[in-house]
Amino acid sequence: MQSYFIEFANFMLRWLHVIAAIAWIGESIYFVMLDNGLKSPKDENCRKKGVFGEMWAVHGGGFYHNQKYATSPEKLPEDLHWSFWKAYTTWLSGFALFIILYMVNPGFYLVNPNSNWEWAANMTGWQANVLALVFLLLGWVVYNEMCKRISPNMERDGLLSIGVAIMMVVVAYLSTQMFSGRAAFLLTGAVMATAMSANVFFWIIPGQRRMVKAMKAGETPNPLDGKRGKQRSVHNTYFTLPVVLLMISNHYSFAYSHAHAWVIMALLIFAGALIRQYFVLMHAGKIQPSYPAAGVLLIMVAFWIGMPSSQQANSSAETAPDIAEVQTVIEQRCVACHAQAPSHPGFSAPPAGIAYDSLDQMLRNKDGIQQVVASGYMPLGNMTNMTDEERALIQAWAE
Ligand code: HEC
């Protein structure tokens, strides 16, 4: 009953999380497009009112006329549309998912028993949970301090973006050393996603509130609030593509179980940011195909690094193994979880819908077995102590 409840909650929360994220990222992309696509107004009166840019659009059978004011409009209307619930809902539902998917069973999902760092390989579930939370919190603290120290008045944003890029490589590296591959990808995405939501919560929205308050009091708003809001929302734009990629990475064990998973992750993060850059410039009327070309190049490098042959060089059985032997290994190492009625107490149904009760079912899933065993993703957390010889046997059988 408990595992059914968790599965169902997972299903519903994932739905909420994806919808909220689509709404948030969609709006964020829309506003970047709007901002970069503004043209100076044709109408003299508009310019006199303080309109600095405008965009005409047709959508859903109607015509829209957006105008952006350079500073404050003469009179601010009461019913101003604010954007923050989408960001908060995305973060909260994501965090709830992380709790029920990873933190309820940290021994399987967070700990990396094959870590090169002995202390990380031997962490208890609770230690892993605490470490994951500290990792997220520190990610935000370091990013925020970098923004404040490197570019406090938004005049060194170029240097800052290099700093943030280096930070993400370090985050990718540390996460893969400390956590299981899947959790490492997810947590690296979550570091970026937390920075995005915290940018909205701690800087963009409070800054806008101060601006509105000043305008209502007839004062000139502090221009730094506007500039900082822009700085952080520009960062958010470059985070969007990499974050979505890392959030959907959890079935692609060739990437996260690779010995150099952090390199693959870093390449894909940069590829996402470069591809995003193309669209940011495109909205301003500049077509620069070199950005997506560079992004695709990085994706190709990631493809090449992740290629299975480079990590399976050690499977060297000369003769085809006996199928009975393979079946015994799978029964010993996999069937506790992957059965119609799993004997493992954590599962009431076969995980991922995969059961190996019969030889027939095993043969049908040969490719899947080969992939997860080669990458080390299965048995999950190596709970059933599969040996390297057994992995080589499965490999030889699959080939
Ligand atoms: C401790 C329990 C456990 C053991 C032992 C185990 N698995 Fe799994 N397996 C799972 C869970 C849980 C999932 C679903 C994980 C997820 O959501 O990606 C899974 C998923 C899979 C998948 C699907 C992967 C995907 O990306 O969708 C395959 C294939 C698989 N296991 C094969 C195996 C094989 C082969 C073995 C034995 C070598 C094995 N498993 C041992 C728990 C286990």
# chains A, B, ... in the order shown; residues from 1 in each chain; ligands from 1

call {"tool": "residues_near_ligand", "arguments": {"ligand": "ligand 1", "cutoff": "6 Å", "atoms": "only C-alpha atoms and all ligand atoms", "output": "ChimeraX atom specification"}}
result
/A:251,330,333-334,336-337,351-352,368-369,372-373,378-380,383-384

call {"tool": "residues_around", "arguments": {"residues": "segment 191-194 of chain A", "least_positions_apart": "2", "cutoff": "9 Å", "atoms": "only C-alpha atoms", "output": "list in words"}}
result
Thr90, Trp91, Phe135, Leu136, Leu137, Leu138, Gly139, Trp140, Met168, Val171, Leu186, Leu187, Thr188, Gly189, Met196, Ser197, Ala198, Asn199, Asn236, Phe239, Thr240, Pro242 and Val243 of chain A

call {"tool": "closest_residue", "arguments": {"among": "A:Leu246, A:Ala349, A:Ile204, A:Ala261", "to": "Ser375 of chain A", "atoms": "only C-alpha atoms"}}
result
A:Ala261

call {"tool": "closest_residue", "arguments": {"among": "A:Ser28, A:Asn105, A:Asn66, A:Leu38", "to": "Ile6 of chain A", "atoms": "only C-alpha atoms"}}
result
A:Asn105

call {"tool": "residues_around", "arguments": {"residues": "Lys75 of chain A", "least_positions_apart": "2", "cutoff": "9 Å", "atoms": "only C-alpha atoms", "output": "ChimeraX atom specification"}}
result
/A:72-73,77,215-216

call {"tool": "closest_atom_pairs", "arguments": {"of": "segment 176-242 of chain A", "to": "segment 146-149 of chain A", "cutoff": "10 Å", "atoms": "only C-alpha atoms", "output": "CSV"}}
result
residue,atom,partner,partner_atom,distance
A:Arg228,CA,A:Cys147,CA,9.6
A:Gln231,CA,A:Cys147,CA,9.2
A:Arg232,CA,A:Cys147,CA,8.8

call {"tool": "closest_residue", "arguments": {"among": "A:Arg182, A:Lys230, A:His260, A:His59", "to": "Trp304 of chain A", "atoms": "only C-alpha atoms"}}
result
A:His260

call {"tool": "select_by_dssp", "arguments": {"residues": "segment 307-391 of chain A", "states": "helix (DSSP H, G or I)", "output": "PyMOL selection string"}}
result
chain A and resi 308-310+323-333+351-353+359-364+366-375+380-382+388-391

call {"tool": "atom_distance", "arguments": {"atom1": "atom CA of Tyr291 of chain A", "atom2": "atom CA of Met307 of chain A"}}
result
24.5 Å

call {"tool": "closest_residue", "arguments": {"among": "A:Leu76, A:Val104, A:Ile287, A:Ala70", "to": "Gly226 of chain A", "atoms": "only C-alpha atoms"}}
result
A:Ala70

call {"tool": "residues_around", "arguments": {"residues": "Met265 of chain A", "least_positions_apart": "5", "cutoff": "9 Å", "atoms": "only C-alpha atoms", "output": "number ranges by chain"}}
result
A: 169, 172-173, 185, 188, 246, 255-256, 260, 270, 302

call {"tool": "decode", "arguments": {"residues": "segment 21-50 of chain A", "atoms": "N, CA, C and O atoms", "output": "mmCIF file, in the first residue's frame"}}
result
data_model
loop_
_atom_site.group_PDB
_atom_site.id
_atom_site.type_symbol
_atom_site.label_atom_id
_atom_site.label_comp_id
_atom_site.auth_asym_id
_atom_site.auth_seq_id
_atom_site.Cartn_x
_atom_site.Cartn_y
_atom_site.Cartn_z
ATOM 1 N N ALA A 21 6.350 23.784 -15.006
ATOM 2 C CA ALA A 21 7.610 24.139 -15.674
ATOM 3 C C ALA A 21 7.357 24.617 -17.100
ATOM 4 O O ALA A 21 7.982 25.584 -17.557
ATOM 5 N N ILE A 22 6.434 23.971 -17.800
ATOM 6 C CA ILE A 22 6.119 24.423 -19.161
ATOM 7 C C ILE A 22 5.607 25.861 -19.107
ATOM 8 O O ILE A 22 6.025 26.721 -19.884
ATOM 9 N N ALA A 23 4.696 26.128 -18.154
ATOM 10 C CA ALA A 23 4.119 27.468 -18.060
ATOM 11 C C ALA A 23 5.211 28.496 -17.720
ATOM 12 O O ALA A 23 5.289 29.563 -18.326
ATOM 13 N N TRP A 24 6.068 28.143 -16.782
ATOM 14 C CA TRP A 24 7.113 29.088 -16.356
ATOM 15 C C TRP A 24 8.119 29.344 -17.481
ATOM 16 O O TRP A 24 8.394 30.476 -17.862
ATOM 17 N N ILE A 25 8.670 28.249 -18.010
ATOM 18 C CA ILE A 25 9.696 28.408 -19.034
ATOM 19 C C ILE A 25 9.090 29.063 -20.275
ATOM 20 O O ILE A 25 9.710 29.916 -20.905
ATOM 21 N N GLY A 26 7.856 28.689 -20.590
ATOM 22 C CA GLY A 26 7.185 29.309 -21.738
ATOM 23 C C GLY A 26 7.091 30.808 -21.549
ATOM 24 O O GLY A 26 7.410 31.595 -22.454
ATOM 25 N N GLU A 27 6.679 31.231 -20.368
ATOM 26 C CA GLU A 27 6.542 32.663 -20.123
ATOM 27 C C GLU A 27 7.908 33.355 -20.159
ATOM 28 O O GLU A 27 8.062 34.437 -20.720
ATOM 29 N N SER A 28 8.892 32.691 -19.560
ATOM 30 C CA SER A 28 10.229 33.271 -19.534
ATOM 31 C C SER A 28 10.779 33.427 -20.959
ATOM 32 O O SER A 28 11.318 34.471 -21.327
ATOM 33 N N ILE A 29 10.595 32.405 -21.785
ATOM 34 C CA ILE A 29 11.054 32.489 -23.172
ATOM 35 C C ILE A 29 10.275 33.576 -23.915
ATOM 36 O O ILE A 29 10.829 34.353 -24.689
ATOM 37 N N TYR A 30 8.991 33.659 -23.621
ATOM 38 C CA TYR A 30 8.170 34.670 -24.284
ATOM 39 C C TYR A 30 8.683 36.083 -23.974
ATOM 40 O O TYR A 30 8.818 36.917 -24.863
ATOM 41 N N PHE A 31 8.991 36.337 -22.692
ATOM 42 C CA PHE A 31 9.422 37.689 -22.342
ATOM 43 C C PHE A 31 10.808 38.027 -22.901
ATOM 44 O O PHE A 31 11.053 39.181 -23.260
ATOM 45 N N VAL A 32 11.686 37.032 -22.997
ATOM 46 C CA VAL A 32 12.984 37.299 -23.633
ATOM 47 C C VAL A 32 12.760 37.643 -25.108
ATOM 48 O O VAL A 32 13.344 38.598 -25.644
ATOM 49 N N MET A 33 11.867 36.896 -25.740
ATOM 50 C CA MET A 33 11.549 37.160 -27.145
ATOM 51 C C MET A 33 10.978 38.569 -27.294
ATOM 52 O O MET A 33 11.387 39.342 -28.157
ATOM 53 N N LEU A 34 10.060 38.910 -26.397
ATOM 54 C CA LEU A 34 9.417 40.223 -26.457
ATOM 55 C C LEU A 34 10.450 41.332 -26.279
ATOM 56 O O LEU A 34 10.531 42.276 -27.072
ATOM 57 N N ASP A 35 11.262 41.202 -25.247
ATOM 58 C CA ASP A 35 12.254 42.221 -24.928
ATOM 59 C C ASP A 35 13.226 42.430 -26.078
ATOM 60 O O ASP A 35 13.558 43.560 -26.431
ATOM 61 N N ASN A 36 13.688 41.312 -26.654
ATOM 62 C CA ASN A 36 14.686 41.432 -27.719
ATOM 63 C C ASN A 36 14.066 41.830 -29.050
ATOM 64 O O ASN A 36 14.763 42.298 -29.931
ATOM 65 N N GLY A 37 12.770 41.623 -29.188
ATOM 66 C CA GLY A 37 12.117 41.914 -30.465
ATOM 67 C C GLY A 37 11.468 43.296 -30.511
ATOM 68 O O GLY A 37 10.817 43.630 -31.504
ATOM 69 N N LEU A 38 11.631 44.104 -29.482
ATOM 70 C CA LEU A 38 10.975 45.418 -29.454
ATOM 71 C C LEU A 38 11.540 46.334 -30.536
ATOM 72 O O LEU A 38 12.737 46.360 -30.777
ATOM 73 N N LYS A 39 10.619 47.073 -31.166
ATOM 74 C CA LYS A 39 11.045 48.084 -32.138
ATOM 75 C C LYS A 39 10.653 49.439 -31.565
ATOM 76 O O LYS A 39 9.667 49.541 -30.830
ATOM 77 N N SER A 40 11.387 50.489 -31.931
ATOM 78 C CA SER A 40 11.010 51.778 -31.343
ATOM 79 C C SER A 40 9.672 52.225 -31.940
ATOM 80 O O SER A 40 9.380 51.972 -33.111
ATOM 81 N N PRO A 41 8.807 52.830 -31.132
ATOM 82 C CA PRO A 41 7.422 53.064 -31.556
ATOM 83 C C PRO A 41 7.322 54.053 -32.717
ATOM 84 O O PRO A 41 8.079 55.021 -32.776
ATOM 85 N N LYS A 42 6.384 53.749 -33.624
ATOM 86 C CA LYS A 42 6.211 54.606 -34.800
ATOM 87 C C LYS A 42 5.466 55.889 -34.408
ATOM 88 O O LYS A 42 5.686 56.946 -34.987
ATOM 89 N N ASP A 43 4.591 55.755 -33.443
ATOM 90 C CA ASP A 43 3.707 56.873 -33.092
ATOM 91 C C ASP A 43 4.428 57.864 -32.167
ATOM 92 O O ASP A 43 4.925 57.496 -31.104
ATOM 93 N N GLU A 44 4.455 59.108 -32.595
ATOM 94 C CA GLU A 44 5.115 60.176 -31.833
ATOM 95 C C GLU A 44 4.570 60.276 -30.408
ATOM 96 O O GLU A 44 5.323 60.396 -29.434
ATOM 97 N N ASN A 45 3.243 60.159 -30.275
ATOM 98 C CA ASN A 45 2.609 60.281 -28.951
ATOM 99 C C ASN A 45 3.099 59.222 -27.972
ATOM 100 O O ASN A 45 3.286 59.499 -26.793
ATOM 101 N N CYS A 46 3.258 58.009 -28.493
ATOM 102 C CA CYS A 46 3.750 56.922 -27.640
ATOM 103 C C CYS A 46 5.120 57.274 -27.098
ATOM 104 O O CYS A 46 5.407 57.097 -25.914
ATOM 105 N N ARG A 47 5.982 57.757 -27.989
ATOM 106 C CA ARG A 47 7.337 58.098 -27.561
ATOM 107 C C ARG A 47 7.303 59.164 -26.479
ATOM 108 O O ARG A 47 8.053 59.119 -25.518
ATOM 109 N N LYS A 48 6.398 60.143 -26.661
ATOM 110 C CA LYS A 48 6.291 61.219 -25.664
ATOM 111 C C LYS A 48 5.857 60.665 -24.315
ATOM 112 O O LYS A 48 6.296 61.124 -23.265
ATOM 113 N N LYS A 49 5.007 59.629 -24.353
ATOM 114 C CA LYS A 49 4.532 59.031 -23.085
ATOM 115 C C LYS A 49 5.640 58.253 -22.368
ATOM 116 O O LYS A 49 5.471 57.834 -21.235
ATOM 117 N N GLY A 50 6.748 58.021 -23.088
ATOM 118 C CA GLY A 50 7.864 57.287 -22.462
ATOM 119 C C GLY A 50 7.992 55.853 -22.950
ATOM 120 O O GLY A 50 8.770 55.076 -22.405
#
